[in-house]
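Have a look at final05.txt below; it lists compact mmCIF, C-alpha atoms.
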```
# COMPACT_ATOMS: atom_id res chain seq x y z
CA ILE A 1 -31.76 -4.22 5.59
CA LEU A 2 -28.16 -5.02 6.59
CA HIS A 3 -28.95 -8.72 6.47
CA SER A 4 -29.62 -8.46 2.73
CA LYS A 5 -27.20 -5.62 1.94
CA VAL A 6 -24.00 -7.41 3.00
CA PRO A 7 -24.29 -10.42 0.66
CA GLU A 8 -25.57 -8.09 -2.08
CA VAL A 9 -22.37 -6.02 -1.88
CA PHE A 10 -20.14 -9.09 -1.78
CA ASN A 11 -21.89 -10.60 -4.80
CA ALA A 12 -21.62 -7.34 -6.74
CA MET A 13 -17.86 -7.18 -6.12
CA GLU A 14 -17.44 -10.74 -7.36
CA LYS A 15 -19.61 -10.18 -10.40
CA ASP A 16 -17.78 -6.99 -11.39
CA ASN A 17 -14.39 -8.51 -10.58
CA ALA A 18 -13.60 -5.39 -8.55
CA PRO A 19 -9.90 -4.57 -8.05
CA THR A 20 -8.37 -5.40 -4.67
CA GLU A 21 -8.05 -1.78 -3.54
CA LEU A 22 -11.73 -1.13 -4.21
CA ARG A 23 -12.74 -4.33 -2.44
CA VAL A 24 -10.77 -3.44 0.68
CA SER A 25 -12.24 0.07 0.78
CA THR A 26 -15.79 -1.19 0.19
CA VAL A 27 -15.57 -3.94 2.81
CA ASN A 28 -14.15 -1.53 5.40
CA GLN A 29 -16.96 0.96 4.82
CA LEU A 30 -19.60 -1.76 4.90
CA ALA A 31 -18.22 -3.26 8.11
CA LYS A 32 -18.11 0.14 9.82
CA ILE A 33 -21.72 0.84 8.86
CA CYS A 34 -22.82 -2.53 10.24
CA ILE A 35 -20.86 -2.17 13.47
CA GLU A 36 -21.87 1.42 14.19
CA THR A 37 -25.53 0.85 13.33
CA LEU A 38 -25.99 -2.29 15.38
CA ILE A 39 -24.06 -0.95 18.36
CA SER A 40 -26.21 2.19 18.34
CA VAL A 41 -29.45 0.16 18.40
CA GLU A 42 -27.98 -2.38 20.87
CA ARG A 43 -28.38 -5.36 18.56
CA LEU A 44 -25.11 -7.13 19.28
CA GLY A 45 -26.71 -10.52 18.75
CA VAL A 46 -27.43 -9.61 15.14
CA LEU A 47 -23.97 -8.09 14.73
CA PHE A 48 -22.08 -11.16 15.92
CA ASP A 49 -24.46 -14.02 15.10
CA VAL A 50 -25.74 -12.86 11.70
CA ILE A 51 -23.55 -10.15 10.16
CA TYR A 52 -20.11 -11.37 11.25
CA PRO A 53 -20.58 -14.86 9.75
CA MET A 54 -21.38 -13.18 6.42
CA PHE A 55 -18.01 -11.43 6.48
CA VAL A 56 -16.34 -14.73 7.38
CA SER A 57 -18.06 -16.45 4.45
CA GLY A 58 -16.82 -13.71 2.15
CA ASP A 59 -13.28 -14.20 3.53
CA TYR A 60 -13.39 -10.78 5.21
CA GLY A 61 -13.71 -11.93 8.82
CA HIS A 62 -10.29 -10.48 9.70
CA VAL A 63 -11.38 -7.03 8.46
CA PHE A 64 -14.47 -7.12 10.66
CA LEU A 65 -12.50 -8.20 13.74
CA GLU A 66 -9.89 -5.47 13.41
CA LEU A 67 -12.58 -2.83 13.05
CA LEU A 68 -14.02 -3.84 16.43
CA GLU A 69 -10.89 -2.70 18.24
CA PRO A 70 -11.40 1.10 18.12
CA TYR A 71 -15.00 0.74 19.31
CA ILE A 72 -13.79 -1.34 22.26
CA LEU A 73 -10.99 1.07 23.16
CA GLN A 74 -13.44 3.99 23.03
CA ASP A 75 -15.84 2.07 25.32
CA LYS A 76 -18.54 2.12 22.67
CA LEU A 77 -18.49 -1.69 22.56
CA THR A 78 -18.08 -3.22 26.02
CA SER A 79 -19.51 -6.68 25.50
CA LEU A 80 -18.15 -9.62 23.50
CA GLY A 81 -19.37 -13.19 23.71
CA PRO A 82 -16.81 -16.01 24.31
CA ALA A 83 -17.00 -17.16 20.67
CA ILE A 84 -16.18 -13.71 19.23
CA MET A 85 -13.50 -13.20 21.87
CA GLN A 86 -11.86 -16.44 20.77
CA GLU A 87 -11.99 -15.33 17.14
CA LEU A 88 -10.39 -12.01 18.12
CA VAL A 89 -7.66 -13.78 20.09
CA ASN A 90 -6.93 -16.22 17.27
CA HIS A 91 -6.64 -13.42 14.72
CA TYR A 92 -4.28 -11.29 16.78
CA ARG A 93 -2.24 -14.31 17.89
CA ASN A 94 -1.77 -15.34 14.26
CA THR A 95 -0.60 -11.82 13.39
CA GLY A 96 1.67 -11.52 16.44
CA ARG A 97 -0.28 -8.67 18.04
CA LEU A 98 -1.67 -10.09 21.28
CA VAL A 99 -0.80 -6.89 23.10
CA GLN A 100 -3.78 -5.36 21.30
CA VAL A 101 -6.02 -8.08 22.73
CA GLU A 102 -4.78 -7.12 26.18
CA GLN A 103 -5.68 -3.48 25.53
CA CYS A 104 -9.17 -4.58 24.54
CA ILE A 105 -9.71 -6.88 27.52
CA VAL A 106 -9.35 -4.07 30.07
CA HIS A 107 -12.18 -2.18 28.35
CA LEU A 108 -14.64 -5.09 28.26
CA ASP A 109 -17.38 -6.09 30.66
CA ILE A 110 -16.01 -9.18 32.38
CA GLY A 111 -19.50 -10.64 32.63
CA SER A 112 -19.57 -11.00 28.84
CA LEU A 113 -16.33 -12.98 28.76
CA ASP A 114 -15.43 -16.58 29.55
CA PHE A 115 -13.33 -15.97 32.66
CA HIS A 116 -11.36 -19.22 32.42
CA GLN A 117 -10.70 -18.70 28.70
CA VAL A 118 -9.30 -15.22 29.16
CA VAL A 119 -7.27 -15.97 32.30
CA THR A 120 -5.71 -19.01 30.63
CA LEU A 121 -4.74 -16.84 27.66
CA CYS A 122 -3.23 -14.20 29.95
CA ARG A 123 -1.14 -16.79 31.77
CA GLN A 124 0.08 -18.43 28.58
CA GLU A 125 1.00 -15.16 26.85
CA GLN A 126 2.13 -13.12 29.89
CA LEU A 127 -0.65 -10.56 29.47
CA THR A 128 -0.10 -9.33 32.99
CA THR A 129 -2.26 -6.20 32.96
CA ALA A 130 -5.26 -8.10 31.60
CA LEU A 131 -4.70 -10.91 34.13
CA ILE A 132 -4.75 -8.46 37.02
CA TYR A 133 -7.83 -6.75 35.57
CA MET A 134 -9.73 -10.05 35.33
CA TYR A 135 -9.05 -11.07 38.93
CA ASN A 136 -9.46 -7.63 40.47
CA ASN A 137 -12.67 -6.72 38.68
CA GLY A 138 -14.13 -10.17 38.06
CA LEU A 139 -13.57 -11.79 41.45
CA HIS A 140 -12.43 -8.84 43.61
CA ASP A 141 -9.33 -10.96 44.15
CA TYR A 142 -6.17 -8.91 44.59
CA LEU A 143 -3.96 -11.71 45.93
CA THR A 144 -4.01 -14.35 43.18
CA PRO A 145 -2.38 -12.04 40.59
CA PHE A 146 0.68 -11.76 42.85
CA HIS A 147 1.11 -15.53 42.86
CA ASP A 148 0.50 -15.83 39.12
CA LEU A 149 2.96 -13.05 38.27
CA LEU A 150 5.55 -14.49 40.62
CA GLU A 151 5.24 -17.85 38.88
CA MET A 152 5.55 -16.20 35.45
CA SER A 153 8.65 -14.27 36.55
CA LYS A 154 10.57 -17.51 37.08
CA GLU A 155 10.77 -17.94 33.29
CA HIS A 156 10.10 -14.38 32.14
CA GLU A 157 12.28 -11.73 33.77
CA GLU A 158 10.28 -8.94 32.17
CA VAL A 159 7.35 -9.76 34.47
CA LYS A 160 9.22 -8.74 37.64
CA PRO A 161 8.72 -4.97 37.19
CA GLU A 162 5.00 -5.64 36.74
CA ILE A 163 4.88 -7.24 40.20
CA LEU A 164 6.45 -4.15 41.72
CA ALA A 165 4.12 -1.83 39.80
CA TYR A 166 1.08 -3.83 40.94
CA LEU A 167 2.34 -3.92 44.53
CA SER A 168 2.89 -0.17 44.47
CA ALA A 169 -0.64 0.44 43.20
CA CYS A 170 -2.18 -1.77 45.89
CA LEU A 171 -0.24 -0.09 48.68
CA LYS A 172 -1.22 3.37 47.41
CA GLY A 173 -4.90 2.41 47.33
CA LYS A 174 -5.08 2.54 43.56
CA LYS A 175 -6.38 0.19 40.91
CA PHE A 176 -3.96 -1.25 38.41
CA PRO A 177 -3.09 0.11 35.91
CA ASN A 178 -5.18 3.19 36.75
CA GLY A 179 -8.13 4.30 38.81
CA GLU A 180 -8.87 4.50 42.52
CA LEU A 181 -9.97 1.77 44.91
CA SER A 182 -13.10 2.44 46.93
CA VAL A 183 -12.66 3.53 50.54
CA GLU A 184 -13.92 0.12 51.66
CA GLU A 185 -11.44 -1.76 49.47
CA VAL A 186 -8.27 0.07 50.45
CA PRO A 187 -7.60 -1.58 53.88
CA TRP A 188 -8.02 -5.18 52.79
CA VAL A 189 -6.26 -4.72 49.46
CA LYS A 190 -3.26 -3.27 51.30
CA ALA A 191 -3.43 -6.14 53.77
CA GLU A 192 -3.44 -8.73 50.98
CA ALA A 193 -0.48 -7.06 49.28
CA LEU A 194 1.55 -6.92 52.49
CA GLY A 195 0.50 -10.45 53.36
CA PHE A 196 1.93 -11.65 50.05
CA VAL A 197 5.25 -9.88 50.59
CA PHE A 198 5.78 -10.85 54.22
CA ASP A 199 4.10 -14.27 54.43
CA THR A 200 6.89 -16.11 56.21
CA ASP A 201 4.78 -19.21 56.87
CA GLN A 202 4.56 -19.97 53.17
CA ASN A 203 8.29 -19.28 52.70
CA LYS A 204 9.70 -21.53 55.41
CA ASN A 205 10.10 -24.55 53.16
CA THR A 206 10.88 -22.83 49.87
CA THR A 207 13.96 -21.36 48.24
CA GLU A 208 12.18 -18.04 47.56
CA GLN A 209 13.94 -14.99 48.93
CA TRP A 210 12.12 -13.17 51.70
CA PRO A 211 10.54 -10.76 51.59
CA ARG A 212 9.28 -11.72 48.14
CA VAL A 213 9.61 -8.18 46.82
CA CYS A 214 13.39 -8.71 46.77
CA PHE A 215 13.13 -11.51 44.17
```
Entire entry expressed as C-alpha cells:
Amino acid sequence: ILHSKVPEVFNAMEKDNAPTELRVSTVNQLAKICIETLISVERLGVLFDVIYPMFVSGDYGHVFLELLEPYILQDKLTSLGPAIMQELVNHYRNTGRLVQVEQCIVHLDIGSLDFHQVVTLCRQEQLTTALIYMYNNGLHDYLTPFHDLLEMSKEHEEVKPEILAYLSACLKGKKFPNGELSVEEVPWVKAEALGFVFDTDQNKNTTEQWPRVCF
C-alpha cells in the first residue's frame, strides 16, 4: 500500500500546485507514517530500499532523513545500513549539524554500520564520544581511543578534557559516556587505561610529557 501511496501523494501535490506550507506538512505526515509502520513490522529493507528513494526522487529526501533521528534517539530504530548512514552524514554535514550524527551513532547497532566509514568520520570531525563508542562496543578495544584522542588534541585543544573524562570513566569501571562495565571487563580496562598513562617505554624517544595525563 505504501509503495503506491507515496508517489500518489507526490503526484497529487504537483497536480494541485499545493502551497509550500501544505506540501511540507503533508510530506512530514507521510514520512512519519511510512517510518513508524515499517519499523513496527520490521521491514527496514522496504523502508530504506523502496520508500526512501521515492522521497529522494520527489526532492524530499532531507525531510525523511531528519525524521529518522527521533526514532534512533528513542531506540526504536537501531539499525541503519552503510548507504543510509552515509546519506545521513552527508545531510547533517551540509547543514553543519554533525553533532546530531554523533548522538545517533551511540544509539545504533554497530553491526549494522560500516565500522571503517564511521570511525574515519569520527576522526575527521572530532566526534570523540562516537569514536570511543565504536571501539569500545565494536571491538572491545579501550586503548585505541586514547591514542586517537591524544593525536586529535595536538591540533584541537577542546579534545583534551575528553581524554580526561574517558580516563576517569575507565578507572571507575564505567562505560563512556554512561553505563557500567561488566565485572569481567573492569580489571583489564583499568589496566589498559593505566598502561596508556604510564607507558614509559613508548615515551622514551618522544617529546610527549609523562605521564601523558599531564599533557
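Relative to atom CA of A:Thr95, atom CA of A:Lys154 is found at 26.8 Å.
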**Message:** Quick one: residues within 12 Å of stretch 181-187 of chain A, only C-alpha atoms, excluding same-chain residues fewer than 3 positions away - as a PyMOL selection string?
**Reply:** chain A and resi 136-137+140-142+169-178+190-194
**Item:** Atomic separation - atom CA of A:Leu139 relative to atom CA of A:Ile39, Å
**Value:**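 Between atom CA of A:Ile39 and atom CA of A:Leu139 the gap works out to 27.6 Å.
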**Prompt:** Between A:Leu80, A:Gly111, A:His91, A:Pro145, which has the minimum distance to A:Asp49 (counting only C-alpha atoms)?
**Reply:** A:Leu80
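One distance worth recording is that between atom CA of A:Tyr92 and atom CA of A:Tyr135, which is 22.7 Å.
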**Asked** Could you name the residues that touch A:Val101 at 8 Å or less, counting all atoms listed in the file, but leaving out those on the same chain fewer than 4 positions away, as a PyMOL selection string?
**Response** chain A and resi 88-89+92+97+105
**Request:** Identify which of the residues A:Gly195, A:Pro82, A:Gly96, A:Gly45 lies closest to A:Glu125, counting all atoms listed in the file when measuring atom-to-atom distances.
**Result:**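 That would be A:Gly96, the residue with the smallest distance to A:Glu125.
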Could you give me, as a Markdown table, a per-residue list for stretch 56-120 of chain A showing, wherever an atom lies at most 12 Å from an atom of stretch 20-24 of chain A, the closest pair of atoms and their distance in Å to one decimal, using only C-alpha atoms and sorting by chain then residue number from low to high?
```
| residue | atom | partner | partner_atom | distance |
| --- | --- | --- | --- | --- |
| A:Gly58 | CA | A:Arg23 | CA | 11.2 |
| A:Asp59 | CA | A:Val24 | CA | 11.4 |
| A:Tyr60 | CA | A:Val24 | CA | 9.0 |
| A:His62 | CA | A:Val24 | CA | 11.5 |
| A:Val63 | CA | A:Val24 | CA | 8.6 |
| A:Phe64 | CA | A:Val24 | CA | 11.3 |
```
**Message:** Just checking: using only C-alpha atoms, which residue out of A:Leu44, A:Val6, A:Ala12, A:Gly138 ends up closest to A:Asn28?
**Reply:** A:Val6
**Request:** Find the residue from A:Arg123, A:Lys32, A:Lys15, A:Lys5 that sits nearest to A:Glu69; use all atoms listed in the file when measuring.
**Result:** A:Lys32
**Request:** Would you mind telling me which residue in A:Ile33, A:Leu113, A:Leu98, A:Leu108 lies nearest to A:Leu127 when using all atoms listed in the file?
**Result:** A:Leu98
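Shortest separation to A:Val99 among A:Ser57, A:Gln117, A:Gln126, A:Ser25 occurs at residue A:Gln126, atoms counted being all atoms listed in the file.
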**Item:** Nearby residues (all atoms listed in the file) at most 9 Å from A:Thr144, same-chain spacing under 4 positions excluded, as a list in words
**Value:**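 Those residues are Ile132, Tyr135, Asp148 and Leu149 of chain A.
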Can you fill out stretch 6-25 of chain A with N, CA, C and O atoms and hand it back as a PDB file, in the coordinates of the input?
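part36.pdb, written as the output of this step:
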```pdb
ATOM      1  N   VAL A   6     -25.372  -6.871   2.942  1.00  0.00           N
ATOM      2  CA  VAL A   6     -24.000  -7.410   3.000  1.00  0.00           C
ATOM      3  C   VAL A   6     -23.738  -8.418   1.885  1.00  0.00           C
ATOM      4  O   VAL A   6     -22.794  -8.250   1.108  1.00  0.00           O
ATOM      5  N   PRO A   7     -24.545  -9.483   1.762  1.00  0.00           N
ATOM      6  CA  PRO A   7     -24.290 -10.420   0.660  1.00  0.00           C
ATOM      7  C   PRO A   7     -24.462  -9.777  -0.712  1.00  0.00           C
ATOM      8  O   PRO A   7     -23.791 -10.156  -1.678  1.00  0.00           O
ATOM      9  N   GLU A   8     -25.357  -8.801  -0.804  1.00  0.00           N
ATOM     10  CA  GLU A   8     -25.570  -8.090  -2.080  1.00  0.00           C
ATOM     11  C   GLU A   8     -24.280  -7.385  -2.514  1.00  0.00           C
ATOM     12  O   GLU A   8     -23.889  -7.451  -3.692  1.00  0.00           O
ATOM     13  N   VAL A   9     -23.620  -6.722  -1.570  1.00  0.00           N
ATOM     14  CA  VAL A   9     -22.370  -6.020  -1.880  1.00  0.00           C
ATOM     15  C   VAL A   9     -21.277  -7.011  -2.249  1.00  0.00           C
ATOM     16  O   VAL A   9     -20.536  -6.813  -3.219  1.00  0.00           O
ATOM     17  N   PHE A  10     -21.171  -8.088  -1.486  1.00  0.00           N
ATOM     18  CA  PHE A  10     -20.140  -9.090  -1.780  1.00  0.00           C
ATOM     19  C   PHE A  10     -20.346  -9.700  -3.175  1.00  0.00           C
ATOM     20  O   PHE A  10     -19.390  -9.888  -3.930  1.00  0.00           O
ATOM     21  N   ASN A  11     -21.589 -10.009  -3.485  1.00  0.00           N
ATOM     22  CA  ASN A  11     -21.890 -10.600  -4.800  1.00  0.00           C
ATOM     23  C   ASN A  11     -21.575  -9.632  -5.932  1.00  0.00           C
ATOM     24  O   ASN A  11     -21.078 -10.036  -6.992  1.00  0.00           O
ATOM     25  N   ALA A  12     -21.873  -8.348  -5.708  1.00  0.00           N
ATOM     26  CA  ALA A  12     -21.620  -7.340  -6.740  1.00  0.00           C
ATOM     27  C   ALA A  12     -20.112  -7.220  -7.005  1.00  0.00           C
ATOM     28  O   ALA A  12     -19.690  -7.074  -8.166  1.00  0.00           O
ATOM     29  N   MET A  13     -19.312  -7.279  -5.949  1.00  0.00           N
ATOM     30  CA  MET A  13     -17.860  -7.180  -6.120  1.00  0.00           C
ATOM     31  C   MET A  13     -17.324  -8.371  -6.908  1.00  0.00           C
ATOM     32  O   MET A  13     -16.444  -8.232  -7.751  1.00  0.00           O
ATOM     33  N   GLU A  14     -17.875  -9.542  -6.635  1.00  0.00           N
ATOM     34  CA  GLU A  14     -17.440 -10.740  -7.360  1.00  0.00           C
ATOM     35  C   GLU A  14     -17.863 -10.676  -8.820  1.00  0.00           C
ATOM     36  O   GLU A  14     -17.083 -10.975  -9.731  1.00  0.00           O
ATOM     37  N   LYS A  15     -19.078 -10.255  -9.045  1.00  0.00           N
ATOM     38  CA  LYS A  15     -19.610 -10.180 -10.400  1.00  0.00           C
ATOM     39  C   LYS A  15     -18.839  -9.178 -11.261  1.00  0.00           C
ATOM     40  O   LYS A  15     -18.549  -9.422 -12.434  1.00  0.00           O
ATOM     41  N   ASP A  16     -18.481  -8.039 -10.653  1.00  0.00           N
ATOM     42  CA  ASP A  16     -17.780  -6.990 -11.390  1.00  0.00           C
ATOM     43  C   ASP A  16     -16.270  -7.186 -11.397  1.00  0.00           C
ATOM     44  O   ASP A  16     -15.545  -6.391 -12.004  1.00  0.00           O
ATOM     45  N   ASN A  17     -15.834  -8.250 -10.685  1.00  0.00           N
ATOM     46  CA  ASN A  17     -14.390  -8.510 -10.580  1.00  0.00           C
ATOM     47  C   ASN A  17     -13.654  -7.248 -10.136  1.00  0.00           C
ATOM     48  O   ASN A  17     -12.658  -6.811 -10.739  1.00  0.00           O
ATOM     49  N   ALA A  18     -14.148  -6.645  -9.059  1.00  0.00           N
ATOM     50  CA  ALA A  18     -13.600  -5.390  -8.550  1.00  0.00           C
ATOM     51  C   ALA A  18     -12.140  -5.541  -8.163  1.00  0.00           C
ATOM     52  O   ALA A  18     -11.734  -6.578  -7.626  1.00  0.00           O
ATOM     53  N   PRO A  19     -11.312  -4.515  -8.424  1.00  0.00           N
ATOM     54  CA  PRO A  19      -9.900  -4.570  -8.050  1.00  0.00           C
ATOM     55  C   PRO A  19      -9.736  -4.649  -6.530  1.00  0.00           C
ATOM     56  O   PRO A  19     -10.613  -4.221  -5.774  1.00  0.00           O
ATOM     57  N   THR A  20      -8.612  -5.173  -6.092  1.00  0.00           N
ATOM     58  CA  THR A  20      -8.370  -5.400  -4.670  1.00  0.00           C
ATOM     59  C   THR A  20      -8.527  -4.137  -3.830  1.00  0.00           C
ATOM     60  O   THR A  20      -9.157  -4.157  -2.764  1.00  0.00           O
ATOM     61  N   GLU A  21      -7.975  -3.036  -4.292  1.00  0.00           N
ATOM     62  CA  GLU A  21      -8.050  -1.780  -3.540  1.00  0.00           C
ATOM     63  C   GLU A  21      -9.490  -1.343  -3.318  1.00  0.00           C
ATOM     64  O   GLU A  21      -9.861  -0.903  -2.220  1.00  0.00           O
ATOM     65  N   LEU A  22     -10.314  -1.503  -4.335  1.00  0.00           N
ATOM     66  CA  LEU A  22     -11.730  -1.130  -4.210  1.00  0.00           C
ATOM     67  C   LEU A  22     -12.448  -2.077  -3.265  1.00  0.00           C
ATOM     68  O   LEU A  22     -13.288  -1.654  -2.469  1.00  0.00           O
ATOM     69  N   ARG A  23     -12.109  -3.353  -3.325  1.00  0.00           N
ATOM     70  CA  ARG A  23     -12.740  -4.330  -2.440  1.00  0.00           C
ATOM     71  C   ARG A  23     -12.438  -4.004  -0.979  1.00  0.00           C
ATOM     72  O   ARG A  23     -13.337  -4.021  -0.128  1.00  0.00           O
ATOM     73  N   VAL A  24     -11.167  -3.738  -0.696  1.00  0.00           N
ATOM     74  CA  VAL A  24     -10.770  -3.440   0.680  1.00  0.00           C
ATOM     75  C   VAL A  24     -11.504  -2.207   1.198  1.00  0.00           C
ATOM     76  O   VAL A  24     -12.026  -2.203   2.315  1.00  0.00           O
ATOM     77  N   SER A  25     -11.556  -1.158   0.387  1.00  0.00           N
ATOM     78  CA  SER A  25     -12.240   0.070   0.780  1.00  0.00           C
ATOM     79  C   SER A  25     -13.724  -0.168   0.999  1.00  0.00           C
ATOM     80  O   SER A  25     -14.310   0.298   1.997  1.00  0.00           O
TER      81      SER A  25
END
```
